[in-house]
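For reference, the structure is listed below as structure tokens.
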Amino acid sequence: MSGDQALLDERGGGDSGQVAPVAAVRNITKRFPGVLANDKVSLDFRAGEIHVLLGENGAGKSTLIGILAGMLRPDEGEILIGGTSVKIASPRESLERGIGTVFQHVLLVPSLTVIENLMLGGPWWQALGSGAALKRFRELSALLGVEIDADALVGRLSLGEQQQVEIMRALWRGEKVLILDEPTSMLTPQGVRDLAQVMRRLRDKGVALILITHKLMEAYELGDRITVLRLGRVVGQIPPDRRRTMSEADTTDEVIRMMFGTRAEHERDAEILTGHGRRAHRHRAVDRSAPPRLSARALQTAAGRGECPLREVSFDLWPGEILGIAGVDGNGQKHLAELLAGQRPAAAGSLKLGEMDVTADRVPERRRHGIRYVTDERVGEGTVGPFSVATNLVLKEIGQAPYWRRGLSDWDFIHDHARVQIRQHDIRTPSERTAVAKLSGGNIQKVLLARELNEDAGVVIFNKPTYGLDLQNTRIAHDRILASAGRGMAVIVISTDLDELLELSDRIGVMFQGRMTGIVDNGADVERRVGILMTGAEAA
Amino acid sequence: MYALFTEAFLTSLLFGAVTAGVPLLLAGLGEQISEKAGVLNIGIEGMMLMGAYAGFVAAFYTESFGLGFLAGGLGGMAVAVVVAVLCIRHGLNQIVIGIALTIGVEGLTSLLHYFQFSKTYPRLSQAPVLELPFISDIPVIGRALFSHNPVVYLGVLLVIFLGWLFRSTYVGINLEAAGNKPAALDAAGVSVVRTRSAAVLSTGFLAGVGGAFLANVGAGLFVPFMTGGAGFIGIVLAMLARGRPVWVLLGAAMFGISLAMTTALQVAGINIPTDVVQMLPFAMVMLVLVIFARHSVLPPALGLPYVRGDR
Amino acid sequence: MSVETETVSGRPGNGEAVREIGAAVLRVLIPVLLALIIGGVILLILGKDPLAYYGYVLDRGLMKAGGRQETFTRMAPLLLIAAGLIVAFRAGIWNLGGDGQFLLAAVITAALAPALIAFLPRGLTLIACMIVAIAVAAIWSLVPAILKARYGVNEIVTSLMMSFLGTSFANVLIKLFFWDPTTTVPQTRSLPVEDRLPRLFDTTVHAGILIALAVVILVHLMMTRTAFGLKLQVVGANPRAAIHAGLNVGRLTIATFALSAGLIGLGGSVEILGVWGVVRADWNPAFGLLVVPLVFLARFNGYAVIGFTLFFSALMIGGESAARRVGVPQDFVLVLVALLLIFLALVEYLDHVRRKRVAA
């Protein structure tokens, strides 16, 4: 650390402000319909410093960098580059000013090669001349310390490699500021370590790094300076010199205090924020004497374009237990969820519900037998946006009594039913007839939960249930999942957030390239064992 | 039956095939540019028809075929501007606007033609022909393939040019990105709207030139609704060609031959109803679609990325 | 303009309903006015008096009894095509093969009717022809339907191709198989007037209009009040959600195509059984594409479609007369329709933008 310290001292240290920050925002305010995303945010971003923006989902972090990246325009306030006020009206202008942004989801064209992706946006009247581009590519590869084949098709690279290409693309035109939006959500533990290394190298070379995250542990490990955001406002900042002296526990307390004022009543928020789910795990007694409710043997699916099929998945699931499915995104989890739900046919293998073989059943039959699926894509798949909340609540029961009799719709009954559900599940909506697309993410999730978790549910599959949700809605979702298990349902939770799985699960299965490489009990040493399984090694 | 294989018959058949196929080639190549960029240009029929009318009017009044082609291209582009503004820039539904434009251009050109030419029905003089030295002297093939209006040769050269453009230029990768993952193009700092608009305008120009060729060279006059689905055939060609201009050429040739077959058969004295022969190219297309659909060579749900109004 | 329509939810509450209806009326009236104005400008440029033209169209299309009857008669096939398109578009399926489906059904009807009337009473003949026509059109839609359902092949292109095939095939059928030997110009055997669809009261309007109205209303009720209709709308609004909800998208696609084509085919059949009694070779009124804008203008609502079809029929009938008397060719109507559709899309877009800004 001493090298870093020397560097920071050279640049005037934490708050001295002797050198003008590379970039800064002053009084940035941005409004969306119904929400104040940024409220007079003022921050400095200094060269040679990793500045972390920490806050829960919905705190306004993504909006702020959207403004810096030229995707959004602020309603009030200004952006300063090197002390001068500038307007950034488009992504191109942002790039030209030396601000590179790596967004959460990979924005590369899969059908083009690495070098072609990096050359996007070059002088359009020319033929592709890769000489200069290759030179720059090698420069950046050296800078980042990575090795990637320039002629490889992006679609064939791993997520970690794709992210590295994204970083290169962000730095292509200049290395002043690099913004990373929740970069670790798609990475293996090793991938996270590689990324951290790259970030530190860049920082040491003088780049100003901005890291967005909602995980305090990450902020603590990677950040030099931590700014805490809540509900669109800056609620506090931990400068480098302080951060160096504080332990992780101290930092947690400080952040919670900044966000909520007091730690009391916010224990669970604190745990979710810090990612210390393992501490929160409340051990449950699962009765495994009875036969399992769900048995999967050697399940396989057919491969689609760019998807990871199931190659070999077997497990048993007992009532009242929560089986977590861990693994980096794209290792077959989606196919698994769809297969269990009945949306995707099994190419081989068998699935039994108790004694009954349900392998050939599709969604309607599986649903009748009590298998429910809460999808990760709330808007793309789980609901029909223009339809009302009421219609979405009965979406999976079209044609069935009591909502439909002999094929005719009983709209009065459907609306009455919806009103009851809305009250029961605290769904915030102007009316049951409102289009579901108008609801916030958290409320759409409540609609899905209300629809899937009715009395007849016996097996429930949750796919990334808290993705994109703020702390409160995350808590609600976790409560519902635990309550479901408590009522005797057999629960599967698929998530890329290991902490979430550690908090909720009784056992954790790991997916790697379409295989369930192993299932471990959520006890001592679980993190290490899961980590090993995530690399593809079979269970120890 | 022997009449079928005389030199005269074959020559006129091949010659007719080229003349009939060139508008389809241009429409298909134009549509391919749009399709690459992620735009499904239903209005291309309207662009062709506008090009036919504008091209005819220009050639008629200026007595210059060159200006005729230019006017045709600009006419097609004018229609494309509407698509670019309404659909690309503002995100209105491409299919609805496309149908509206096709109907509108049909009505407008018919209207204008009525007021300008319905009494006189003027014809253009024979279009200029460029006979390629030496090879145009080869019996049958020479006269059939190498004694055509220069636009024909330009069309073939365009096939090669576009192949190079798609693979080896910045324009090519920008188009690919716009059609494959527009968000990536946007993040790279390139305007998706501008890329797609440029693509649509190019399509309009090419379709317009194709229409002008149809009117000025193919027929020598303008008749309302004369494109008769050529633009839609262009869409089919582009869809089947999957990004390779060479396939558009082959498809256009196939259509050209069956279109020319009608007149050629009549010349040979064979009495099959023209409708049967007209069915041939469409039947062949459907057959190809059925066969290749099994292998999923065609991208599923072609309409999907195009309807998304991404930045 | 989006294909998505209002939220599916039965009837809205009262005060909101009035405001919604008012806004909806404006959203329709403004494009109509704009289209008429711009159309008028075009007429002026071409040296014609727009007011005279519109006046004549209105008079001949709606005011004069004879014209009114022709208008209602014209509505029958248009309404049936509209019903077919509503079913398809609501399900997100672009059935652009209407012309081929219409024509084939018409030709089969024209060939079958004179044959059946020889030994069946009129009622049975008419019903039998209509059923066969529906079946023929539905079968003609099978190939694009299966290609889409099983392989995801874009139906715009396939239905268009089948349409071209269908129109040519219809002509082949007439010229090779159904040619009435007593005529010089290829056409089917004529169905005598007394064997066609009965006239209503003492007008020239035939019963087909009643069939058409009933069908449109039934289709509307089906879409809004039945499970099947809701399933189609789910597929149209979000195909992935349809799979997620357990709907058999493939089967629904084929069913939608068959129903849509069948209704359009019924339109062709009714037109022959009610008006012409015969199909001449190369006859093609090409209603298939023209009805598309009407269906969009009506935002897929059955009752609104009836209103727009009335308007459009009057325009067509009046326009046909105007072509002879005022010297404005019939194809001007196409220009009006196109302008209408474009202005509709624009007005909807501006309305959408205004709503978003108000909500902010």
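The chains in the structure tokens are called A, B, ... from first to last as shown; in each chain the residues are counted from 1, and the ligands are counted from 1 in the order shown.
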Give the strand (DSSP E or B) residues of stretch 89-294 of chain C, as DSSP finds them on the backbone, and put them as an mmCIF file with N, CA and C atoms, in the first residue's frame.
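Ended up saving to states03.cif:
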data_model
loop_
_atom_site.group_PDB
_atom_site.id
_atom_site.type_symbol
_atom_site.label_atom_id
_atom_site.label_comp_id
_atom_site.auth_asym_id
_atom_site.auth_seq_id
_atom_site.Cartn_x
_atom_site.Cartn_y
_atom_site.Cartn_z
ATOM 1 N N GLN C 187 -64.001 -16.433 -67.876
ATOM 2 C CA GLN C 187 -64.675 -16.164 -66.617
ATOM 3 C C GLN C 187 -65.446 -17.400 -66.219
ATOM 4 N N ARG C 199 -81.772 -9.819 -51.508
ATOM 5 C CA ARG C 199 -81.716 -8.383 -51.309
ATOM 6 C C ARG C 199 -82.476 -8.034 -50.045
ATOM 7 N N HIS C 206 -77.437 -6.355 -50.442
ATOM 8 C CA HIS C 206 -77.716 -7.776 -50.215
ATOM 9 C C HIS C 206 -77.424 -8.178 -48.770
ATOM 10 N N THR C 226 -63.509 -13.288 -24.447
ATOM 11 C CA THR C 226 -63.271 -14.723 -24.314
ATOM 12 C C THR C 226 -61.819 -15.003 -23.979
ATOM 13 N N ARG C 280 -64.322 -12.793 -63.332
ATOM 14 C CA ARG C 280 -63.630 -12.667 -64.605
ATOM 15 C C ARG C 280 -62.138 -12.818 -64.359
#
Within 7 Å of stretch 18-23 of chain B using only C-alpha atoms, minus same-chain residues under 4 positions, as a count of residues only: 14
Within 8 Å of chain C: each chain A residue with its shortest pair, only C-alpha atoms, as a Markdown table:
| residue | atom | partner | partner_atom | distance |
| --- | --- | --- | --- | --- |
| A:Arg31 | CA | C:Ala360 | CA | 7.6 |
| A:Phe32 | CA | C:Ala360 | CA | 5.8 |
| A:Pro33 | CA | C:Ala360 | CA | 3.7 |
| A:Gly34 | CA | C:Ala360 | CA | 6.4 |
| A:Gly342 | CA | C:Gly246 | CA | 8.0 |
| A:Gln343 | CA | C:His244 | CA | 6.4 |
| A:Arg362 | CA | C:Gly246 | CA | 7.2 |
| A:Val363 | CA | C:Gly246 | CA | 4.7 |
| A:Pro364 | CA | C:Gly246 | CA | 5.5 |
| A:Gly380 | CA | C:Arg240 | CA | 7.1 |
| A:Glu381 | CA | C:Ala241 | CA | 4.3 |
| A:Gly382 | CA | C:Ala241 | CA | 5.7 |
| A:Thr383 | CA | C:Ala241 | CA | 6.2 |
| A:Val384 | CA | C:Asn238 | CA | 6.0 |
| A:Pro386 | CA | C:Thr7 | CA | 5.3 |
| A:Phe387 | CA | C:Thr7 | CA | 4.6 |
| A:Ser388 | CA | C:Thr7 | CA | 5.6 |
| A:Ala390 | CA | C:Ser9 | CA | 7.5 |
| A:Thr391 | CA | C:Ser9 | CA | 6.9 |
| A:Leu395 | CA | C:Ala245 | CA | 6.2 |
| A:Lys396 | CA | C:Ala245 | CA | 4.5 |
| A:Glu397 | CA | C:Ala245 | CA | 7.8 |
| A:Ile398 | CA | C:Ala227 | CA | 5.8 |
| A:Gly399 | CA | C:Ala227 | CA | 4.9 |
| A:Trp404 | CA | C:Ala227 | CA | 7.0 |
| A:Gly407 | CA | C:Ala227 | CA | 5.3 |
| A:Leu408 | CA | C:Thr226 | CA | 4.4 |
| A:Ser409 | CA | C:Arg225 | CA | 5.2 |
| A:Asp410 | CA | C:Arg225 | CA | 8.0 |
| A:Trp411 | CA | C:Gly10 | CA | 6.1 |
| A:Arg433 | CA | C:Ser9 | CA | 6.1 |
| A:Thr434 | CA | C:Thr7 | CA | 7.5 |
| A:Ala435 | CA | C:Thr7 | CA | 6.0 |
What would the file look like if the residues just selected were written as an mmCIF file, in the first residue's frame with N, CA and C atoms?
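Done, and the output landed in result_13.cif:
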data_model
loop_
_atom_site.group_PDB
_atom_site.id
_atom_site.type_symbol
_atom_site.label_atom_id
_atom_site.label_comp_id
_atom_site.auth_asym_id
_atom_site.auth_seq_id
_atom_site.Cartn_x
_atom_site.Cartn_y
_atom_site.Cartn_z
ATOM 1 N N ARG A 31 -34.643 14.577 -12.863
ATOM 2 C CA ARG A 31 -35.965 14.063 -12.491
ATOM 3 C C ARG A 31 -36.498 13.118 -13.551
ATOM 4 N N PHE A 32 -37.153 12.063 -13.102
ATOM 5 C CA PHE A 32 -37.927 11.203 -13.993
ATOM 6 C C PHE A 32 -39.369 11.245 -13.524
ATOM 7 N N PRO A 33 -40.317 10.771 -14.367
ATOM 8 C CA PRO A 33 -41.712 10.797 -13.911
ATOM 9 C C PRO A 33 -41.859 10.102 -12.570
ATOM 10 N N GLY A 34 -42.203 10.859 -11.559
ATOM 11 C CA GLY A 34 -42.484 10.257 -10.265
ATOM 12 C C GLY A 34 -41.292 10.033 -9.358
ATOM 13 N N GLY A 342 -41.434 -25.926 -17.203
ATOM 14 C CA GLY A 342 -42.200 -26.544 -18.275
ATOM 15 C C GLY A 342 -42.149 -25.755 -19.568
ATOM 16 N N GLN A 343 -41.407 -24.658 -19.565
ATOM 17 C CA GLN A 343 -41.318 -23.853 -20.778
ATOM 18 C C GLN A 343 -40.400 -24.486 -21.804
ATOM 19 N N ARG A 362 -45.885 -29.854 -19.803
ATOM 20 C CA ARG A 362 -45.484 -28.487 -20.105
ATOM 21 C C ARG A 362 -46.071 -27.559 -19.036
ATOM 22 N N VAL A 363 -46.002 -26.264 -19.301
ATOM 23 C CA VAL A 363 -46.345 -25.295 -18.251
ATOM 24 C C VAL A 363 -47.722 -25.505 -17.631
ATOM 25 N N PRO A 364 -48.789 -25.627 -18.406
ATOM 26 C CA PRO A 364 -50.104 -25.732 -17.743
ATOM 27 C C PRO A 364 -50.187 -26.922 -16.803
ATOM 28 N N GLY A 380 -39.747 -8.515 -19.489
ATOM 29 C CA GLY A 380 -39.617 -9.152 -20.795
ATOM 30 C C GLY A 380 -40.421 -10.425 -20.913
ATOM 31 N N GLU A 381 -40.665 -11.084 -19.791
ATOM 32 C CA GLU A 381 -41.273 -12.398 -19.863
ATOM 33 C C GLU A 381 -42.385 -12.580 -18.850
ATOM 34 N N GLY A 382 -42.203 -12.010 -17.680
ATOM 35 C CA GLY A 382 -43.126 -12.302 -16.605
ATOM 36 C C GLY A 382 -44.466 -11.593 -16.707
ATOM 37 N N THR A 383 -44.471 -10.421 -17.330
ATOM 38 C CA THR A 383 -45.714 -9.668 -17.412
ATOM 39 C C THR A 383 -45.895 -9.148 -18.832
ATOM 40 N N VAL A 384 -47.129 -8.763 -19.145
ATOM 41 C CA VAL A 384 -47.386 -8.094 -20.408
ATOM 42 C C VAL A 384 -47.640 -6.629 -20.081
ATOM 43 N N PRO A 386 -48.534 -3.638 -21.439
ATOM 44 C CA PRO A 386 -49.730 -2.828 -21.657
ATOM 45 C C PRO A 386 -50.982 -3.380 -20.965
ATOM 46 N N PHE A 387 -50.938 -4.595 -20.491
ATOM 47 C CA PHE A 387 -52.117 -5.163 -19.848
ATOM 48 C C PHE A 387 -52.211 -4.701 -18.405
ATOM 49 N N SER A 388 -53.421 -4.760 -17.862
ATOM 50 C CA SER A 388 -53.621 -4.267 -16.514
ATOM 51 C C SER A 388 -53.004 -5.214 -15.486
ATOM 52 N N ALA A 390 -54.584 -6.475 -13.079
ATOM 53 C CA ALA A 390 -55.557 -7.566 -12.887
ATOM 54 C C ALA A 390 -55.352 -8.673 -13.907
ATOM 55 N N THR A 391 -55.193 -8.298 -15.160
ATOM 56 C CA THR A 391 -54.997 -9.319 -16.188
ATOM 57 C C THR A 391 -53.702 -10.075 -15.959
ATOM 58 N N LEU A 395 -52.654 -14.188 -15.592
ATOM 59 C CA LEU A 395 -52.074 -14.484 -16.906
ATOM 60 C C LEU A 395 -51.845 -15.965 -17.143
ATOM 61 N N LYS A 396 -51.536 -16.691 -16.073
ATOM 62 C CA LYS A 396 -51.227 -18.092 -16.280
ATOM 63 C C LYS A 396 -52.452 -18.971 -16.131
ATOM 64 N N GLU A 397 -53.607 -18.339 -15.957
ATOM 65 C CA GLU A 397 -54.812 -19.143 -15.782
ATOM 66 C C GLU A 397 -55.899 -18.786 -16.771
ATOM 67 N N ILE A 398 -55.474 -18.301 -17.931
ATOM 68 C CA ILE A 398 -56.461 -17.891 -18.923
ATOM 69 C C ILE A 398 -57.284 -19.099 -19.347
ATOM 70 N N GLY A 399 -58.579 -18.930 -19.261
ATOM 71 C CA GLY A 399 -59.469 -20.002 -19.689
ATOM 72 C C GLY A 399 -59.930 -20.873 -18.537
ATOM 73 N N TRP A 404 -62.830 -17.772 -15.821
ATOM 74 C CA TRP A 404 -63.455 -17.998 -17.107
ATOM 75 C C TRP A 404 -64.449 -19.147 -17.007
ATOM 76 N N GLY A 407 -65.172 -20.552 -21.500
ATOM 77 C CA GLY A 407 -64.434 -19.723 -22.437
ATOM 78 C C GLY A 407 -64.742 -18.249 -22.341
ATOM 79 N N LEU A 408 -65.786 -17.855 -21.588
ATOM 80 C CA LEU A 408 -66.126 -16.441 -21.496
ATOM 81 C C LEU A 408 -65.498 -15.808 -20.258
ATOM 82 N N SER A 409 -65.006 -14.581 -20.410
ATOM 83 C CA SER A 409 -64.296 -13.917 -19.310
ATOM 84 C C SER A 409 -65.257 -13.303 -18.308
ATOM 85 N N ASP A 410 -64.968 -13.504 -17.043
ATOM 86 C CA ASP A 410 -65.746 -12.846 -15.989
ATOM 87 C C ASP A 410 -64.894 -11.703 -15.453
ATOM 88 N N TRP A 411 -64.936 -10.558 -16.140
ATOM 89 C CA TRP A 411 -64.047 -9.467 -15.788
ATOM 90 C C TRP A 411 -64.312 -8.922 -14.399
ATOM 91 N N ARG A 433 -56.661 -1.686 -12.699
ATOM 92 C CA ARG A 433 -56.725 -1.582 -14.148
ATOM 93 C C ARG A 433 -55.521 -0.865 -14.747
ATOM 94 N N THR A 434 -54.620 -0.395 -13.888
ATOM 95 C CA THR A 434 -53.440 0.296 -14.404
ATOM 96 C C THR A 434 -52.562 -0.670 -15.186
ATOM 97 N N ALA A 435 -51.958 -0.172 -16.248
ATOM 98 C CA ALA A 435 -51.033 -1.008 -17.009
ATOM 99 C C ALA A 435 -49.855 -1.368 -16.118
#
Chain B contacts on chain C, only C-alpha atoms, 7 Å, as a PyMOL selection string: chain C and resi 1-2+151-154+157+161+165+168-169+171-172+329+331-332+334-335+338+341-342+345
Could you make a table, as JSON lines, of the residues of chain B that have an atom within 8 Å of an atom of chain A, each with its nearest atom pair and distance in Å to one decimal, counting only C-alpha atoms, in chain and number order?
{"residue": "B:Ser168", "atom": "CA", "partner": "A:Leu128", "partner_atom": "CA", "distance": 5.6}
{"residue": "B:Thr169", "atom": "CA", "partner": "A:Ala127", "partner_atom": "CA", "distance": 4.1}
{"residue": "B:Tyr170", "atom": "CA", "partner": "A:Trp124", "partner_atom": "CA", "distance": 5.0}
{"residue": "B:Val171", "atom": "CA", "partner": "A:Trp124", "partner_atom": "CA", "distance": 5.2}
{"residue": "B:Ile173", "atom": "CA", "partner": "A:Leu120", "partner_atom": "CA", "distance": 6.7}
{"residue": "B:Asn174", "atom": "CA", "partner": "A:Leu120", "partner_atom": "CA", "distance": 6.2}
{"residue": "B:Ala177", "atom": "CA", "partner": "A:Val109", "partner_atom": "CA", "distance": 5.9}
{"residue": "B:Asn180", "atom": "CA", "partner": "A:Val109", "partner_atom": "CA", "distance": 6.6}
{"residue": "B:Lys181", "atom": "CA", "partner": "A:Val109", "partner_atom": "CA", "distance": 5.6}
{"residue": "B:Ala183", "atom": "CA", "partner": "A:Leu107", "partner_atom": "CA", "distance": 6.3}
{"residue": "B:Ala184", "atom": "CA", "partner": "A:Leu107", "partner_atom": "CA", "distance": 4.4}
{"residue": "B:Leu185", "atom": "CA", "partner": "A:Leu120", "partner_atom": "CA", "distance": 6.9}
{"residue": "B:Asp186", "atom": "CA", "partner": "A:Pro91", "partner_atom": "CA", "distance": 7.0}
{"residue": "B:Ala187", "atom": "CA", "partner": "A:Pro91", "partner_atom": "CA", "distance": 6.1}
{"residue": "B:Ala188", "atom": "CA", "partner": "A:Gly121", "partner_atom": "CA", "distance": 6.2}
{"residue": "B:Gly189", "atom": "CA", "partner": "A:Arg92", "partner_atom": "CA", "distance": 3.8}
{"residue": "B:Val190", "atom": "CA", "partner": "A:Gly121", "partner_atom": "CA", "distance": 5.5}
Mind writing the picked residues with N, CA and C atoms as a PDB file, in the first residue's frame?
ATOM      1  N   SER B 168     -15.331  -5.180 -45.171  1.00  0.00           N
ATOM      2  CA  SER B 168     -14.024  -4.575 -44.901  1.00  0.00           C
ATOM      3  C   SER B 168     -14.025  -3.067 -44.719  1.00  0.00           C
ATOM      4  N   THR B 169     -15.134  -2.505 -44.342  1.00  0.00           N
ATOM      5  CA  THR B 169     -15.094  -1.063 -44.121  1.00  0.00           C
ATOM      6  C   THR B 169     -15.736  -0.720 -42.789  1.00  0.00           C
ATOM      7  N   TYR B 170     -15.476   0.491 -42.346  1.00  0.00           N
ATOM      8  CA  TYR B 170     -16.112   0.974 -41.126  1.00  0.00           C
ATOM      9  C   TYR B 170     -17.615   1.020 -41.294  1.00  0.00           C
ATOM     10  N   VAL B 171     -18.044   1.416 -42.490  1.00  0.00           N
ATOM     11  CA  VAL B 171     -19.482   1.452 -42.748  1.00  0.00           C
ATOM     12  C   VAL B 171     -20.084   0.079 -42.506  1.00  0.00           C
ATOM     13  N   ILE B 173     -19.070  -2.467 -40.595  1.00  0.00           N
ATOM     14  CA  ILE B 173     -19.231  -2.905 -39.210  1.00  0.00           C
ATOM     15  C   ILE B 173     -20.238  -2.031 -38.480  1.00  0.00           C
ATOM     16  N   ASN B 174     -20.338  -0.761 -38.854  1.00  0.00           N
ATOM     17  CA  ASN B 174     -21.367   0.071 -38.231  1.00  0.00           C
ATOM     18  C   ASN B 174     -22.756  -0.462 -38.552  1.00  0.00           C
ATOM     19  N   ALA B 177     -23.390  -3.600 -36.589  1.00  0.00           N
ATOM     20  CA  ALA B 177     -23.692  -3.286 -35.191  1.00  0.00           C
ATOM     21  C   ALA B 177     -25.109  -2.732 -35.066  1.00  0.00           C
ATOM     22  N   ASN B 180     -27.372  -5.682 -35.328  1.00  0.00           N
ATOM     23  CA  ASN B 180     -27.157  -6.780 -34.418  1.00  0.00           C
ATOM     24  C   ASN B 180     -27.299  -6.374 -32.967  1.00  0.00           C
ATOM     25  N   LYS B 181     -26.732  -5.248 -32.596  1.00  0.00           N
ATOM     26  CA  LYS B 181     -26.788  -4.790 -31.213  1.00  0.00           C
ATOM     27  C   LYS B 181     -26.609  -3.270 -31.199  1.00  0.00           C
ATOM     28  N   ALA B 183     -27.337  -1.014 -29.204  1.00  0.00           N
ATOM     29  CA  ALA B 183     -26.858  -0.403 -27.967  1.00  0.00           C
ATOM     30  C   ALA B 183     -25.335  -0.325 -27.963  1.00  0.00           C
ATOM     31  N   ALA B 184     -24.696  -1.338 -28.550  1.00  0.00           N
ATOM     32  CA  ALA B 184     -23.233  -1.330 -28.605  1.00  0.00           C
ATOM     33  C   ALA B 184     -22.729  -0.196 -29.485  1.00  0.00           C
ATOM     34  N   LEU B 185     -23.433   0.023 -30.593  1.00  0.00           N
ATOM     35  CA  LEU B 185     -23.033   1.100 -31.494  1.00  0.00           C
ATOM     36  C   LEU B 185     -23.174   2.442 -30.798  1.00  0.00           C
ATOM     37  N   ASP B 186     -24.267   2.578 -30.067  1.00  0.00           N
ATOM     38  CA  ASP B 186     -24.518   3.815 -29.338  1.00  0.00           C
ATOM     39  C   ASP B 186     -23.430   4.056 -28.312  1.00  0.00           C
ATOM     40  N   ALA B 187     -23.080   3.015 -27.570  1.00  0.00           N
ATOM     41  CA  ALA B 187     -22.055   3.169 -26.549  1.00  0.00           C
ATOM     42  C   ALA B 187     -20.709   3.506 -27.168  1.00  0.00           C
ATOM     43  N   ALA B 188     -20.515   3.093 -28.420  1.00  0.00           N
ATOM     44  CA  ALA B 188     -19.255   3.408 -29.091  1.00  0.00           C
ATOM     45  C   ALA B 188     -19.255   4.831 -29.610  1.00  0.00           C
ATOM     46  N   GLY B 189     -20.356   5.518 -29.393  1.00  0.00           N
ATOM     47  CA  GLY B 189     -20.384   6.916 -29.770  1.00  0.00           C
ATOM     48  C   GLY B 189     -20.903   7.181 -31.168  1.00  0.00           C
ATOM     49  N   VAL B 190     -21.461   6.157 -31.826  1.00  0.00           N
ATOM     50  CA  VAL B 190     -21.987   6.370 -33.172  1.00  0.00           C
ATOM     51  C   VAL B 190     -23.507   6.460 -33.092  1.00  0.00           C
TER      52      VAL B 190
END
Contact residues around B:Arg244 with only C-alpha atoms at 12 Å, ignoring same-chain residues under 3 positions, as a list in words: Gly28, Leu29, Glu31, Gln32, Ile33, Glu35, Lys36, Val159, Ile160, Phe161, Leu162, Gly163, Trp164, Leu165, Phe166, Arg167, Leu237, Ala238, Met239, Leu240, Ala241, Trp247, Val248, Leu249, Leu250 and Gly251 of chain B
Between atom CA of C:Phe257 and atom CA of B:Phe225 - distance in Å to one decimal: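 The value is 28.0 Å.
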Nearest-residue call for C:Ile139, choices C:Val216, C:Leu259, C:Leu58, C:Leu252, using only C-alpha atoms: C:Leu259
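The spacing separating atom CA of C:Glu271 from atom CA of C:Ala91 amounts to 26.4 Å.
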Residue nearest C:Asp99 among C:Ala76, C:Pro186, C:Ile42, C:Phe287 (counting only C-alpha atoms): C:Phe287
Between atom CA of A:Arg378 and atom CA of A:Asp470, distance in Å (one decimal):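 Separation between atom CA of A:Arg378 and atom CA of A:Asp470: 15.2 Å.
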Distance criterion (only C-alpha atoms): nearest to C:Val185 out of C:Val279, C:Ile108, C:Leu160, C:Gly123: C:Val279
B:Leu74 surroundings by only C-alpha atoms, 9 Å radius, close-in-sequence under 4 positions cut, as a PyMOL selection string: chain B and resi 51+54-55+69-70+78-79+204-205+208-209
With C-alpha atoms retained, export the selected residues as a PDB file, in the first residue's frame.
ATOM      1  CA  GLY B  51     -38.419   6.116 -58.822  1.00  0.00           C
ATOM      2  CA  ALA B  54     -39.707  10.362 -61.420  1.00  0.00           C
ATOM      3  CA  GLY B  55     -37.288   8.612 -63.717  1.00  0.00           C
ATOM      4  CA  PHE B  69     -31.816   7.343 -63.499  1.00  0.00           C
ATOM      5  CA  LEU B  70     -30.636  10.121 -61.226  1.00  0.00           C
ATOM      6  CA  ALA B  78     -37.539  11.207 -51.125  1.00  0.00           C
ATOM      7  CA  VAL B  79     -39.865   8.451 -50.012  1.00  0.00           C
ATOM      8  CA  GLY B 204     -34.431   4.406 -51.377  1.00  0.00           C
ATOM      9  CA  PHE B 205     -31.910   5.556 -53.932  1.00  0.00           C
ATOM     10  CA  GLY B 208     -35.568   4.320 -57.145  1.00  0.00           C
ATOM     11  CA  VAL B 209     -32.928   3.629 -59.778  1.00  0.00           C
TER      12      VAL B 209
END
